[in-house]
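Peer 1: Structure supplied as protein32.txt; contents: compact mmCIF, C-alpha atoms (C1' of nucleotides).
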# COMPACT_ATOMS: atom_id res chain seq x y z
CA MET A 1 -40.37 41.00 86.21
CA ASP A 2 -39.04 40.32 89.70
CA VAL A 3 -40.62 41.71 92.83
CA GLN A 4 -37.71 43.96 93.64
CA ARG A 5 -37.85 45.81 90.36
CA ALA A 6 -41.61 46.25 90.59
CA ALA A 7 -41.17 47.79 94.04
CA GLU A 8 -38.45 50.10 92.78
CA LEU A 9 -40.63 51.29 89.90
CA SER A 10 -43.61 51.73 92.24
CA ARG A 11 -41.52 53.91 94.47
CA ARG A 12 -40.48 56.11 91.57
CA LEU A 13 -44.05 56.47 90.41
CA ARG A 14 -45.20 57.58 93.84
CA GLU A 15 -42.26 59.95 94.20
CA HIS A 16 -43.55 61.70 91.10
CA GLY A 17 -47.07 61.95 92.45
CA LEU A 18 -48.60 59.07 90.52
CA ARG A 19 -50.41 56.03 91.80
CA ALA A 20 -48.39 52.88 91.32
CA THR A 21 -50.64 50.89 89.04
CA GLY A 22 -49.90 47.71 87.10
CA PRO A 23 -50.05 49.26 83.64
CA ARG A 24 -47.74 52.10 84.65
CA ILE A 25 -45.16 49.75 86.09
CA ASP A 26 -45.32 47.55 83.02
CA VAL A 27 -45.00 50.42 80.56
CA LEU A 28 -42.13 52.00 82.43
CA ALA A 29 -40.29 48.68 82.64
CA ALA A 30 -40.90 47.99 78.94
CA LEU A 31 -39.60 51.40 77.91
CA GLU A 32 -36.48 50.96 80.03
CA ASP A 33 -35.86 47.50 78.65
CA LEU A 34 -36.30 48.61 75.06
CA GLY A 35 -34.07 51.63 75.51
CA GLY A 36 -33.74 54.40 72.95
CA HIS A 37 -36.63 56.25 71.34
CA ARG A 38 -39.86 54.30 71.05
CA THR A 39 -43.35 54.81 69.73
CA ALA A 40 -46.45 53.93 71.72
CA ASP A 41 -47.01 50.93 69.47
CA GLU A 42 -43.49 49.62 69.95
CA VAL A 43 -44.10 49.68 73.68
CA ARG A 44 -47.41 47.95 73.15
CA ASP A 45 -45.79 45.20 71.06
CA ARG A 46 -43.13 44.69 73.66
CA LEU A 47 -45.74 44.29 76.37
CA ALA A 48 -47.74 41.87 74.25
CA THR A 49 -44.66 39.78 73.48
CA SER A 50 -43.61 39.63 77.11
CA GLY A 51 -46.99 38.33 78.20
CA ARG A 52 -48.44 41.50 79.72
CA PRO A 53 -50.63 42.90 76.94
CA LEU A 54 -52.36 46.24 77.37
CA PRO A 55 -55.01 47.88 75.19
CA ARG A 56 -53.71 50.53 72.90
CA SER A 57 -55.55 53.36 74.61
CA SER A 58 -54.09 52.32 77.95
CA VAL A 59 -50.58 52.54 76.54
CA TYR A 60 -51.36 56.03 75.27
CA ASN A 61 -52.92 57.03 78.57
CA VAL A 62 -50.03 55.75 80.59
CA LEU A 63 -47.34 57.26 78.39
CA THR A 64 -49.10 60.61 78.58
CA SER A 65 -49.27 60.57 82.36
CA LEU A 66 -45.68 59.33 82.70
CA ALA A 67 -44.51 62.12 80.42
CA GLY A 68 -46.57 64.65 82.36
CA ALA A 69 -44.96 63.54 85.60
CA GLY A 70 -41.48 63.68 84.08
CA LEU A 71 -40.72 59.98 84.44
CA VAL A 72 -40.46 59.64 80.71
CA LEU A 73 -39.44 62.10 78.02
CA ASN A 74 -41.38 62.80 74.88
CA ALA A 75 -38.56 63.15 72.36
CA ASP A 76 -39.04 66.01 69.94
CA ALA A 77 -37.92 64.62 66.64
CA GLY A 78 -40.16 66.31 64.13
CA PRO A 79 -43.01 64.80 62.15
CA GLY A 80 -44.17 61.23 62.65
CA PRO A 81 -45.36 59.30 65.67
CA ALA A 82 -44.43 60.55 69.14
CA LEU A 83 -41.27 59.00 70.54
CA TYR A 84 -40.81 58.30 74.23
CA GLU A 85 -37.67 57.45 76.13
CA ALA A 86 -36.96 56.36 79.68
CA ARG A 87 -33.87 58.54 79.95
CA GLN A 88 -33.94 61.20 82.66
CA GLU A 89 -31.13 63.62 81.85
CA TRP A 90 -32.06 66.56 79.67
CA HIS A 91 -30.60 66.15 76.21
CA HIS A 92 -31.21 66.86 72.54
CA HIS A 93 -31.63 64.84 69.38
CA PHE A 94 -30.04 64.38 66.02
CA VAL A 95 -32.31 63.08 63.28
CA CYS A 96 -30.77 61.58 60.15
CA ARG A 97 -32.41 62.85 56.96
CA SER A 98 -31.61 59.62 55.23
CA CYS A 99 -32.39 56.76 57.63
CA HIS A 100 -34.58 58.81 59.99
CA ARG A 101 -32.94 57.30 63.03
CA VAL A 102 -32.78 59.43 66.16
CA PHE A 103 -29.56 59.83 68.13
CA ASP A 104 -29.05 61.41 71.51
CA VAL A 105 -26.94 64.54 71.71
CA GLU A 106 -25.72 65.69 75.09
CA CYS A 107 -26.97 69.04 76.24
CA LEU A 108 -23.98 71.34 76.50
CA VAL A 109 -25.47 73.24 79.38
CA GLY A 110 -27.23 70.45 81.25
CA ALA A 111 -29.79 72.70 82.89
CA ARG A 112 -33.15 73.85 81.58
CA PRO A 113 -33.65 76.08 79.79
CA CYS A 114 -30.26 75.68 78.16
CA LEU A 115 -30.87 78.53 75.75
CA THR A 116 -32.88 81.70 75.98
CA PRO A 117 -34.54 83.41 73.03
CA GLY A 118 -33.48 86.83 71.85
CA THR A 119 -37.10 87.86 71.55
CA ASP A 120 -39.24 88.40 74.65
CA VAL A 121 -42.08 85.92 74.26
CA GLY A 122 -42.92 84.94 77.83
CA VAL A 123 -41.66 82.47 80.39
CA VAL A 124 -39.36 79.95 78.74
CA GLU A 125 -39.26 76.64 80.57
CA ASP A 126 -37.06 74.68 78.24
CA ALA A 127 -35.37 74.75 74.89
CA GLN A 128 -35.32 71.59 72.84
CA VAL A 129 -32.87 71.34 69.98
CA ILE A 130 -33.31 69.11 66.97
CA PHE A 131 -30.19 68.65 64.89
CA ARG A 132 -30.72 67.42 61.33
CA GLY A 133 -28.26 66.09 58.85
CA ILE A 134 -26.73 62.85 57.67
CA CYS A 135 -25.55 60.36 60.26
CA THR A 136 -22.11 58.81 60.12
CA ALA A 137 -23.44 55.44 58.93
CA CYS A 138 -25.40 56.97 56.03
CA ALA A 139 -22.60 59.34 55.00
CA ALA A 140 -20.00 56.59 54.65
CA PRO A 141 -21.38 54.58 51.67
CA ALA A 142 -22.07 57.83 49.82
CA ARG A 143 -18.43 58.47 48.93
CA MET B 1 -54.18 87.50 41.87
CA ASP B 2 -52.67 89.97 39.45
CA VAL B 3 -50.44 88.97 36.57
CA GLN B 4 -47.36 90.63 38.02
CA ARG B 5 -47.48 88.70 41.24
CA ALA B 6 -48.02 85.41 39.42
CA ALA B 7 -44.95 86.14 37.28
CA GLU B 8 -42.90 86.95 40.36
CA LEU B 9 -43.92 83.73 42.08
CA SER B 10 -43.24 81.73 38.89
CA ARG B 11 -39.77 83.15 38.75
CA ARG B 12 -39.07 82.16 42.34
CA LEU B 13 -40.33 78.64 41.72
CA ARG B 14 -38.04 78.21 38.73
CA GLU B 15 -35.11 79.70 40.58
CA HIS B 16 -35.54 76.91 43.09
CA GLY B 17 -35.62 74.25 40.41
CA LEU B 18 -39.37 73.71 40.32
CA ARG B 19 -41.78 73.95 37.41
CA ALA B 20 -44.06 76.93 37.73
CA THR B 21 -47.45 75.27 37.89
CA GLY B 22 -50.82 76.77 38.80
CA PRO B 23 -51.28 74.90 42.07
CA ARG B 24 -47.78 75.83 43.25
CA ILE B 25 -48.31 79.50 42.54
CA ASP B 26 -51.68 79.44 44.28
CA VAL B 27 -50.42 77.65 47.38
CA LEU B 28 -47.41 79.90 47.71
CA ALA B 29 -49.56 83.00 47.35
CA ALA B 30 -52.07 81.69 49.89
CA LEU B 31 -49.40 80.91 52.44
CA GLU B 32 -47.87 84.36 52.04
CA ASP B 33 -51.24 86.04 52.35
CA LEU B 34 -52.18 84.08 55.45
CA GLY B 35 -48.83 84.68 57.10
CA GLY B 36 -47.69 82.92 60.24
CA HIS B 37 -47.71 79.17 60.78
CA ARG B 38 -50.37 77.28 58.88
CA THR B 39 -51.56 73.73 58.48
CA ALA B 40 -52.18 72.15 55.09
CA ASP B 41 -55.90 72.36 55.71
CA GLU B 42 -55.81 76.04 56.58
CA VAL B 43 -54.12 76.64 53.25
CA ARG B 44 -56.72 74.50 51.56
CA ASP B 45 -59.57 76.46 53.14
CA ARG B 46 -58.00 79.72 52.11
CA LEU B 47 -57.74 78.53 48.53
CA ALA B 48 -61.33 77.32 48.54
CA THR B 49 -62.59 80.60 49.96
CA SER B 50 -60.67 82.67 47.45
CA GLY B 51 -62.12 80.76 44.51
CA ARG B 52 -59.14 78.58 43.60
CA PRO B 53 -59.93 75.26 45.28
CA LEU B 54 -57.43 72.43 45.17
CA PRO B 55 -57.87 68.81 46.19
CA ARG B 56 -56.44 67.98 49.55
CA SER B 57 -53.77 65.67 48.18
CA SER B 58 -52.60 68.40 45.81
CA VAL B 59 -52.15 70.80 48.69
CA TYR B 60 -50.08 68.18 50.50
CA ASN B 61 -48.08 67.40 47.38
CA VAL B 62 -47.36 71.03 46.67
CA LEU B 63 -46.44 71.91 50.24
CA THR B 64 -44.05 68.97 50.34
CA SER B 65 -42.32 70.00 47.14
CA LEU B 66 -42.18 73.66 48.15
CA ALA B 67 -40.65 72.68 51.48
CA GLY B 68 -38.19 70.39 49.74
CA ALA B 69 -37.09 73.22 47.48
CA GLY B 70 -36.75 75.61 50.40
CA LEU B 71 -39.43 78.04 49.27
CA VAL B 72 -41.43 77.29 52.36
CA LEU B 73 -40.42 76.21 55.83
CA ASN B 74 -41.90 73.30 57.71
CA ALA B 75 -42.03 74.74 61.22
CA ASP B 76 -40.91 72.30 63.89
CA ALA B 77 -43.34 72.85 66.70
CA GLY B 78 -43.74 69.42 68.20
CA PRO B 79 -46.73 67.10 67.95
CA GLY B 80 -49.81 67.92 65.92
CA PRO B 81 -50.31 68.75 62.27
CA ALA B 82 -47.36 70.02 60.26
CA LEU B 83 -47.10 73.80 60.12
CA TYR B 84 -45.79 75.63 57.08
CA GLU B 85 -44.70 79.23 56.75
CA ALA B 86 -43.68 81.39 53.85
CA ARG B 87 -40.91 83.10 55.79
CA GLN B 88 -37.41 82.68 54.38
CA GLU B 89 -35.02 83.70 57.14
CA TRP B 90 -33.88 80.91 59.41
CA HIS B 91 -35.48 81.24 62.81
CA HIS B 92 -36.81 79.26 65.74
CA HIS B 93 -40.13 78.85 67.51
CA PHE B 94 -41.66 79.34 70.89
CA VAL B 95 -44.68 77.19 71.66
CA CYS B 96 -47.00 78.17 74.49
CA ARG B 97 -47.89 75.23 76.71
CA SER B 98 -51.21 76.81 77.51
CA CYS B 99 -52.65 78.20 74.28
CA HIS B 100 -50.43 76.20 71.92
CA ARG B 101 -49.79 79.20 69.76
CA VAL B 102 -46.50 79.35 67.92
CA PHE B 103 -44.33 82.46 67.97
CA ASP B 104 -41.26 83.21 65.91
CA VAL B 105 -37.97 83.64 67.73
CA GLU B 106 -35.06 85.18 65.90
CA CYS B 107 -32.05 82.98 65.40
CA LEU B 108 -29.20 84.53 67.34
CA VAL B 109 -26.65 83.30 64.85
CA GLY B 110 -28.55 83.64 61.61
CA ALA B 111 -26.57 81.01 59.72
CA ARG B 112 -27.19 77.28 59.55
CA PRO B 113 -26.33 75.30 61.52
CA CYS B 114 -26.51 77.83 64.31
CA LEU B 115 -25.44 75.29 66.91
CA THR B 116 -23.24 72.24 66.76
CA PRO B 117 -23.68 69.16 68.90
CA GLY B 118 -21.08 68.11 71.44
CA THR B 119 -21.35 64.52 70.27
CA ASP B 120 -20.01 63.46 66.88
CA VAL B 121 -23.05 62.10 65.08
CA GLY B 122 -22.41 62.94 61.44
CA VAL B 123 -22.90 65.93 59.18
CA VAL B 124 -25.15 68.48 60.84
CA GLU B 125 -27.04 70.64 58.36
CA ASP B 126 -29.18 72.62 60.71
CA ALA B 127 -30.25 72.95 64.30
CA GLN B 128 -33.85 73.78 65.02
CA VAL B 129 -34.73 75.07 68.47
CA ILE B 130 -38.17 74.76 70.03
CA PHE B 131 -38.67 76.93 73.09
CA ARG B 132 -41.53 75.93 75.36
CA GLY B 133 -43.17 77.82 78.16
CA ILE B 134 -46.00 80.21 78.84
CA CYS B 135 -46.50 83.13 76.49
CA THR B 136 -46.93 86.65 77.76
CA ALA B 137 -50.66 86.68 77.06
CA CYS B 138 -51.30 83.46 78.98
CA ALA B 139 -49.05 84.41 81.89
CA ALA B 140 -50.81 87.71 82.58
CA PRO B 141 -54.26 86.49 83.76
CA ALA B 142 -52.60 83.84 85.94
CA ARG B 143 -51.60 86.28 88.68
C1' DC C 1 -61.87 46.48 105.18
C1' DC C 2 -64.55 50.44 103.08
C1' DG C 3 -65.18 54.37 100.41
C1' DT C 4 -63.38 57.80 97.51
C1' DT C 5 -61.07 58.93 93.68
C1' DG C 6 -58.19 58.24 90.08
C1' DT C 7 -57.22 54.80 86.49
C1' DC C 8 -58.08 51.31 83.05
C1' DT C 9 -60.58 49.30 79.26
C1' DG C 10 -62.22 48.56 74.60
C1' DG C 11 -64.56 50.16 71.00
C1' DA C 12 -65.83 53.84 68.01
C1' DC C 13 -64.28 57.79 66.06
C1' DT C 14 -61.51 61.95 64.12
C1' DG C 15 -58.18 63.95 61.51
C1' DT C 16 -53.60 63.99 59.29
C1' DG C 17 -51.10 62.29 55.87
C1' DT C 18 -49.90 58.64 52.05
C1' DC C 19 -50.51 56.00 47.88
C1' DC C 20 -51.80 55.05 43.27
C1' DA C 21 -52.79 55.14 38.24
C1' DA C 22 -54.83 57.88 34.86
C1' DA C 23 -55.19 62.48 33.01
C1' DG C 24 -53.18 66.81 32.38
C1' DA C 25 -49.83 70.61 31.94
C1' DG C 26 -44.95 72.77 31.74
C1' DC C 27 -40.85 73.04 29.43
C1' DT C 28 -37.30 72.16 25.71
C1' DA C 29 -35.99 71.64 21.16
C1' DC C 30 -37.02 72.13 16.77
C1' DG D 1 -46.04 77.29 17.02
C1' DT D 2 -46.02 72.63 18.14
C1' DA D 3 -44.46 67.86 19.22
C1' DG D 4 -43.14 65.11 22.72
C1' DC D 5 -40.94 64.01 27.03
C1' DT D 6 -41.38 64.31 31.74
C1' DC D 7 -43.06 65.97 35.80
C1' DT D 8 -47.30 67.24 38.16
C1' DT D 9 -51.99 67.01 39.45
C1' DT D 10 -56.15 64.69 40.66
C1' DG D 11 -59.49 62.16 43.45
C1' DG D 12 -60.52 58.36 45.83
C1' DA D 13 -59.22 54.81 48.88
C1' DC D 14 -56.43 53.81 52.42
C1' DA D 15 -53.20 53.63 56.66
C1' DC D 16 -52.17 55.21 60.86
C1' DA D 17 -51.70 58.05 65.20
C1' DG D 18 -54.12 59.65 68.58
C1' DT D 19 -58.65 60.97 71.18
C1' DC D 20 -62.94 60.27 73.50
C1' DC D 21 -66.22 58.11 76.37
C1' DA D 22 -68.82 55.60 79.99
C1' DG D 23 -68.71 51.69 82.72
C1' DA D 24 -65.71 48.56 85.31
C1' DC D 25 -61.93 48.37 88.22
C1' DA D 26 -58.09 49.12 91.44
C1' DA D 27 -55.01 52.03 94.56
C1' DC D 28 -54.66 54.29 98.61
C1' DG D 29 -56.04 56.75 103.04
C1' DG D 30 -58.63 56.26 106.96
The structure given in the file should be rewritten as structure tokens.
Peer 2:
Amino acid sequence: MDVQRAAELSRRLREHGLRATGPRIDVLAALEDLGGHRTADEVRDRLATSGRPLPRSSVYNVLTSLAGAGLVLNADAGPGPALYEARQEWHHHFVCRSCHRVFDVECLVGARPCLTPGTDVGVVEDAQVIFRGICTACAAPAR
Amino acid sequence: MDVQRAAELSRRLREHGLRATGPRIDVLAALEDLGGHRTADEVRDRLATSGRPLPRSSVYNVLTSLAGAGLVLNADAGPGPALYEARQEWHHHFVCRSCHRVFDVECLVGARPCLTPGTDVGVVEDAQVIFRGICTACAAPAR
DNA sequence: CCGTTGTCTGGACTGTGTCCAAAGAGCTAC
DNA sequence: GTAGCTCTTTGGACACAGTCCAGACAACGG
């Protein structure tokens, strides 16, 4: 990773109130490079492959703090391992029942919370939507 | 459990295309009696306490087949153990960030899918909404 | 450059959920 | 009623995600 990018990532970490540590910079860079929705272990493998290995618990630690600070999103996609993504804009997910892949779906409102419940339950901070069905790729061969 | 209730539950199982077996009747009854959102192990404990113990893998098996048949809902509530509920009407959930309790939120539309994505991703069968925030009980002492 | 404080590390551990093959039970047809 | 096919259950072993902890370490402010 070049110096410039490391500095840029450091800046973003500090802007979100986090110390700019090596592991955090590496994890954030790895998640951006991978793109899409990734498990902690996919991030770990990526780091190992690219010559900056981290212990598993460090990857978990770092992802948790990044998610807490809002630098990374924890994608709600139902059961299974937690998925993280580097994307910043609020959006939703479509999960294919057949191949289990996760696709991004734009949020129609764009601001949180984008929906409000009919029932009065308390202070709603956000509303995450999970769409389920069959993705285009899986539906095609079925005809 | 009285004979009448067992017969009623058997009928519902068969209506949904499932064989009416002992474990299925017991699990369904337990989940209805408990009410709310329950983990597999809570159901298991309930069964053990009420004198009809089932092995853990049977509880998992049964809950999976009941959910597949639509007799039971697998409540999407984010990370953590899967939560099942006996409720039939389509609805959403509010999860408190503080106490992690799960509350039901009525679906404003009532029919599935109650929302459709802006992006074309495939065939959408349903849209599950998870509201997050602070519940009334947790918000009160915070002032 | 020092001290404070937050972070990282690595290993052990917990708990949820899956898999398998043998035994058992429900359902249909007779 | 019962024979037989098929689906279901069982129990144990296993896989995996995620947590916890205490000591070592590193970032940042002064």
Peer 1: Kindly provide the residues of chain D that approach chain A to within 12 Å, each paired with its closest atom pair and their distance in Å to one decimal, based on all atoms listed in the file, listed by chain and increasing number, as JSON lines.
Peer 2:
{"residue": "D:DC16", "atom": "C1'", "partner": "A:Pro81", "partner_atom": "CA", "distance": 9.3}
{"residue": "D:DA17", "atom": "C1'", "partner": "A:Pro81", "partner_atom": "CA", "distance": 6.5}
{"residue": "D:DG18", "atom": "C1'", "partner": "A:Tyr60", "partner_atom": "CA", "distance": 8.1}
{"residue": "D:DT19", "atom": "C1'", "partner": "A:Ser57", "partner_atom": "CA", "distance": 8.9}
{"residue": "D:DC20", "atom": "C1'", "partner": "A:Ser57", "partner_atom": "CA", "distance": 10.2}
{"residue": "D:DC21", "atom": "C1'", "partner": "A:Ser57", "partner_atom": "CA", "distance": 11.8}
{"residue": "D:DC25", "atom": "C1'", "partner": "A:Thr21", "partner_atom": "CA", "distance": 11.6}
{"residue": "D:DA26", "atom": "C1'", "partner": "A:Thr21", "partner_atom": "CA", "distance": 8.0}
{"residue": "D:DA27", "atom": "C1'", "partner": "A:Arg19", "partner_atom": "CA", "distance": 6.7}
{"residue": "D:DC28", "atom": "C1'", "partner": "A:Arg19", "partner_atom": "CA", "distance": 8.2}
Peer 1: Using all atoms listed in the file, determine which residues lie at most 12 Å from Ser65 in chain A, disregarding the query and same-chain residues fewer than 2 positions distant; provide the list as a VMD selection string.
Peer 2: (chain A and resid 13 16 to 21 23 to 24 27 to 28 58 to 63 67 to 74 84) or (chain C and resid 7)
Peer 1: Select, counting only C-alpha atoms (C1' of nucleotides), all protein, DNA and RNA residues no farther than 8 Å from (-50.5, 57.4, 51.3) in file coordinates, and express the selection as a list in words.
Peer 2: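 Applying the cut-off with only C-alpha atoms (C1' of nucleotides), one gets DG17, DT18 and DC19 of chain C; DC14 and DA15 of chain D.
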Peer 1: Rank nothing, just name the residue among C:DC13, C:DA25, C:DC30, C:DC20 nearest to chain B, using all atoms listed in the file.
Peer 2: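 Among the listed residues, the smallest separation from chain B belongs to C:DA25.
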Peer 1: Find the distance between CA of Ala127 in chain B and CA of Arg112 in chain B and write it in Å to one decimal.
Peer 2: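 CA of Arg112 in chain B lies at a distance of 7.1 Å from CA of Ala127 in chain B.
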Peer 1: Could you pull the residues within 7 Å of range 133-142 of chain A, counting all atoms listed in the file, minus those fewer than 6 positions along the same chain, as a ChimeraX atom specification?
Peer 2: /A:95-98 /B:121-126
Peer 1: Can you work out which one of A:Gly78, A:Val109, A:His91, A:Asp33 has the shortest atom-to-atom distance to chain B, counting all atoms listed in the file?
Peer 2: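 Of A:Gly78, A:Val109, A:His91, A:Asp33, the one nearest chain B is A:Gly78, counting all atoms listed in the file.
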Peer 1: Give me, as a VMD selection string, the residues of chain C touching chain A, with the criterion being at most 9 Å (counting all atoms listed in the file).
Peer 2: chain C and resid 6 to 10
Peer 1: Around the point (-28.9, 61.7, 69.9) (coordinates from the file), which residues reach within 12 Å if we count all atoms listed in the file? Answer as a PyMOL selection string.
Peer 2: (chain A and resi 36-37+75-77+85+87+90-96+100-107+129-133+135) or (chain B and resi 117-122+124)
Peer 1: Between CA of Arg12 in chain A and CA of Leu34 in chain A, what is the spacing in Å?
Peer 2: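 The value is 18.6 Å.
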